[in-house]
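Note: the block below is protein.tsv and it holds TSV, C-alpha atoms.
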chain	number	residue	atom	x	y	z
P	26	MET	CA	-19.79	6.61	-0.42
P	27	ASP	CA	-16.22	6.22	-1.61
P	28	PRO	CA	-15.76	5.15	-5.26
P	29	ILE	CA	-14.48	1.65	-4.48
P	30	LYS	CA	-17.35	0.91	-2.10
P	31	HIS	CA	-19.82	2.24	-4.68
P	32	ALA	CA	-18.44	0.00	-7.44
P	33	ALA	CA	-18.28	-2.94	-5.01
P	34	ALA	CA	-21.90	-2.38	-3.93
P	35	ASP	CA	-23.04	-2.36	-7.56
P	36	ALA	CA	-21.20	-5.64	-8.18
P	37	ALA	CA	-22.71	-7.21	-5.04
P	38	GLN	CA	-26.27	-6.22	-5.99
P	39	THR	CA	-26.09	-7.67	-9.48
P	40	GLY	CA	-24.01	-10.70	-8.56
P	41	LYS	CA	-21.85	-9.90	-11.56
P	42	PRO	CA	-18.34	-8.51	-11.83
P	43	ALA	CA	-18.32	-4.71	-11.70
P	44	SER	CA	-17.72	-4.51	-15.42
P	45	SER	CA	-19.66	-5.35	-18.55
P	46	GLU	CA	-16.65	-7.46	-19.58
P	47	ARG	CA	-15.68	-10.72	-17.94
P	48	THR	CA	-12.96	-10.08	-15.37
P	49	GLU	CA	-11.07	-13.17	-16.50
P	50	GLN	CA	-10.05	-11.41	-19.69
P	51	VAL	CA	-6.38	-10.67	-19.65
P	52	GLY	CA	-5.70	-6.95	-19.42
P	53	LYS	CA	-9.32	-5.93	-18.78
P	54	PRO	CA	-9.86	-4.95	-15.17
P	55	SER	CA	-13.25	-4.86	-13.54
P	56	THR	CA	-14.63	-1.41	-12.74
P	57	VAL	CA	-13.83	-2.03	-9.06
P	58	ASP	CA	-10.21	-2.83	-9.92
P	59	ALA	CA	-9.88	0.18	-12.21
P	60	THR	CA	-11.39	2.44	-9.53
P	61	TRP	CA	-8.98	0.99	-6.98
P	62	ALA	CA	-6.05	1.66	-9.33
P	63	ALA	CA	-7.31	5.20	-10.00
P	64	MET	CA	-7.24	5.88	-6.25
P	65	MET	CA	-3.92	4.12	-5.71
P	66	ILE	CA	-1.96	6.26	-8.19
P	67	PRO	CA	-2.19	9.47	-6.11
P	68	HIS	CA	-1.81	7.36	-2.96
P	69	HIS	CA	1.46	5.91	-4.32
P	70	GLN	CA	2.64	9.34	-5.43
P	71	THR	CA	2.25	10.59	-1.85
P	72	GLY	CA	4.01	7.46	-0.57
P	73	ILE	CA	6.89	8.07	-2.99
P	74	GLN	CA	7.29	11.63	-1.70
P	75	MET	CA	7.31	10.41	1.91
P	76	ALA	CA	9.77	7.63	1.12
P	77	ALA	CA	12.09	9.98	-0.77
P	78	LEU	CA	12.15	12.30	2.21
P	79	ALA	CA	13.03	9.45	4.57
P	80	ALA	CA	15.68	8.10	2.22
P	81	ASP	CA	17.41	11.48	2.62
P	82	LYS	CA	16.58	12.41	6.22
P	83	ALA	CA	16.25	9.23	8.29
P	84	SER	CA	18.81	8.93	11.04
P	85	THR	CA	19.11	5.16	10.81
P	86	ALA	CA	20.33	3.01	7.93
P	87	VAL	CA	17.46	0.58	8.47
P	88	LEU	CA	14.83	3.28	7.99
P	89	ARG	CA	16.68	4.70	4.96
P	90	ASP	CA	16.73	1.20	3.45
P	91	ILE	CA	13.01	0.66	4.09
P	92	ALA	CA	12.23	4.04	2.53
P	93	THR	CA	14.43	3.37	-0.51
P	94	ARG	CA	12.80	-0.01	-1.14
P	95	SER	CA	9.30	1.42	-0.58
P	96	LYS	CA	9.95	4.24	-3.05
P	97	ALA	CA	11.25	1.82	-5.71
P	98	GLU	CA	8.33	-0.60	-5.27
P	99	GLN	CA	5.73	2.16	-5.55
P	100	GLU	CA	7.46	3.65	-8.59
P	101	ASP	CA	7.43	0.19	-10.20
P	102	ASP	CA	3.68	-0.13	-9.54
P	103	LEU	CA	2.72	3.18	-11.17
P	104	PRO	CA	2.87	2.05	-14.83
P	105	ARG	CA	0.80	-1.07	-14.07
P	106	LEU	CA	-1.75	0.98	-12.15
P	107	GLN	CA	-1.93	3.38	-15.09
P	108	GLN	CA	-2.54	0.47	-17.47
P	109	LEU	CA	-5.47	-0.68	-15.33
P	110	ILE	CA	-7.17	2.70	-15.37
P	111	ASP	CA	-6.42	3.24	-19.07
P	112	ALA	CA	-8.03	-0.13	-19.89
P	113	ASP	CA	-11.25	1.01	-18.21
P	114	GLY	CA	-11.16	4.61	-19.46
P	115	LYS	CA	-10.62	6.10	-16.01
P	116	VAL	CA	-8.30	8.81	-14.77
P	117	ALA	CA	-6.52	9.03	-11.43
P	118	ILE	CA	-8.81	10.01	-8.57
P	119	PRO	CA	-7.26	12.59	-6.24
P	120	PRO	CA	-7.67	12.08	-2.51
P	121	GLU	CA	-10.48	13.81	-0.68
P	122	LYS	CA	-9.60	17.35	0.38
P	123	GLN	CA	-9.28	16.41	4.07
P	124	ILE	CA	-6.82	13.62	3.28
P	125	GLU	CA	-4.89	15.83	0.87
P	126	GLN	CA	-4.62	18.53	3.57
P	127	MET	CA	-3.52	15.98	6.15
P	128	ASP	CA	-0.84	14.67	3.75
P	129	LYS	CA	0.45	18.21	3.21
P	130	GLN	CA	0.58	18.84	6.95
P	131	ASP	CA	2.40	15.55	7.52
P	132	MET	CA	4.96	16.41	4.83
P	133	GLN	CA	5.52	19.89	6.29
P	134	ARG	CA	6.01	18.41	9.74
P	135	LEU	CA	8.38	15.75	8.41
P	136	GLN	CA	10.42	18.40	6.60
P	137	SER	CA	10.80	20.32	9.85
P	138	LEU	CA	12.07	17.34	11.85
P	139	ASP	CA	15.49	15.71	12.10
P	140	GLY	CA	17.08	12.73	13.80
P	141	PRO	CA	15.05	10.33	15.94
P	142	ALA	CA	12.06	12.71	16.01
P	143	PHE	CA	11.89	12.50	12.20
P	144	ASP	CA	12.23	8.70	12.27
P	145	LEU	CA	9.44	8.29	14.80
P	146	HIS	CA	7.04	10.68	13.07
P	147	TRP	CA	7.80	9.22	9.62
P	148	SER	CA	7.12	5.70	10.92
P	149	THR	CA	3.80	6.83	12.39
P	150	VAL	CA	2.72	8.70	9.25
P	151	VAL	CA	3.73	5.89	6.89
P	152	SER	CA	1.97	3.30	9.05
P	153	GLY	CA	-1.29	5.24	8.74
P	154	HIS	CA	-0.69	5.71	5.02
P	155	HIS	CA	-0.27	1.95	4.55
P	156	VAL	CA	-3.33	1.12	6.65
P	157	SER	CA	-5.48	3.23	4.33
P	158	ALA	CA	-4.01	1.41	1.30
P	159	ILE	CA	-4.73	-1.95	2.91
P	160	LYS	CA	-8.35	-0.95	3.57
P	161	MET	CA	-8.85	0.23	-0.02
P	162	THR	CA	-7.32	-3.00	-1.30
P	163	GLU	CA	-9.38	-5.26	0.96
P	164	ILE	CA	-12.59	-3.66	-0.32
P	165	ALA	CA	-11.50	-4.01	-3.94
P	166	MET	CA	-10.33	-7.61	-3.56
P	167	ALA	CA	-13.55	-8.64	-1.82
P	168	ALA	CA	-15.69	-7.19	-4.60
P	169	SER	CA	-13.73	-8.07	-7.70
P	170	ALA	CA	-10.13	-8.82	-8.40
P	171	SER	CA	-9.43	-9.46	-12.04
P	172	GLY	CA	-6.21	-11.12	-13.06
P	173	ALA	CA	-5.15	-7.71	-14.31
P	174	ALA	CA	-5.18	-6.25	-10.78
P	175	ARG	CA	-4.68	-9.24	-8.47
P	176	SER	CA	-0.86	-9.17	-8.53
P	177	LEU	CA	-0.83	-5.49	-7.54
P	178	GLN	CA	-3.44	-5.98	-4.84
P	179	GLU	CA	-1.70	-8.89	-3.13

Show this structure as structure tokens.
Amino acid sequence: MDPIKHAAADAAQTGKPASSERTEQVGKPSTVDATWAAMMIPHHQTGIQMAALAADKASTAVLRDIATRSKAEQEDDLPRLQQLIDADGKVAIPPEKQIEQMDKQDMQRLQSLDGPAFDLHWSTVVSGHHVSAIKMTEIAMAASASGAARSLQE
């Protein structure tokens, strides 16, 4: 079971936030939120690499703009994600080996492409990347979303 689902299941069984602290406390995330943040840091780092590549290689100004904004937004999120995991004593959780391998293959393929072929493949890869982030976030928000994490999750 993935870490977010595990923390969410624990919270659902007890009927309490997934933390021994009240989630309403400012700066103290629930365990679900901290686990979500711990998974999102490497996810954002991969997204930043993909966005940086598109900012340089995309053949259209629109795609370069999207990539530049995406990179900046994810870079801005990293310190807040780090604060969430630090507050709960967690460390970043690397992606599963299969996902890590798939990300490497996607980056290698993107590096080998140019022009419209790059744009199309980048759009496809980034769409899948964002869908996985949305799924992780939906699970975390359904289980527990402390004020400390809510603004990042929305």

Nearest-residue call for P:Gln130, choices P:Ala112, P:Val150, P:Ala174, P:Leu78, using only C-alpha atoms: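 Under the stated criterion, the closest residue is P:Val150.
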
Between atom CA of P:Val116 and atom CA of P:Lys129 - distance in Å to one decimal: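 The value is 22.1 Å.
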
Nearest-residue call for P:Thr56, choices P:Lys115, P:His68, P:Lys96, P:Arg89, using all atoms listed in the file: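 Ranked by minimum distance to P:Thr56, first place goes to P:Lys115.
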
Which polymer residues have any atom within 9 Å of an atom of P:Ala79, counting only C-alpha atoms, with same-chain residues fewer than 5 positions away left out, as a compact mmCIF listing (two decimals) with C-alpha atoms, in the coordinates of the input?
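Printed below is around.txt as written:
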# COMPACT_ATOMS: atom_id res chain seq x y z
CA GLN P 74 7.29 11.63 -1.70
CA SER P 84 18.81 8.93 11.04
CA LEU P 88 14.83 3.28 7.99
CA ARG P 89 16.68 4.70 4.96
CA ILE P 91 13.01 0.66 4.09
CA ALA P 92 12.23 4.04 2.53
CA THR P 93 14.43 3.37 -0.51
CA LEU P 135 8.38 15.75 8.41
CA PHE P 143 11.89 12.50 12.20
CA ASP P 144 12.23 8.70 12.27
CA TRP P 147 7.80 9.22 9.62

Option closest in space to P:Ala142, from P:Lys82, P:Ile164, P:Pro119, P:Ser55 [counting all atoms listed in the file]: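 Of P:Lys82, P:Ile164, P:Pro119, P:Ser55, the one nearest P:Ala142 is P:Lys82, counting all atoms listed in the file.
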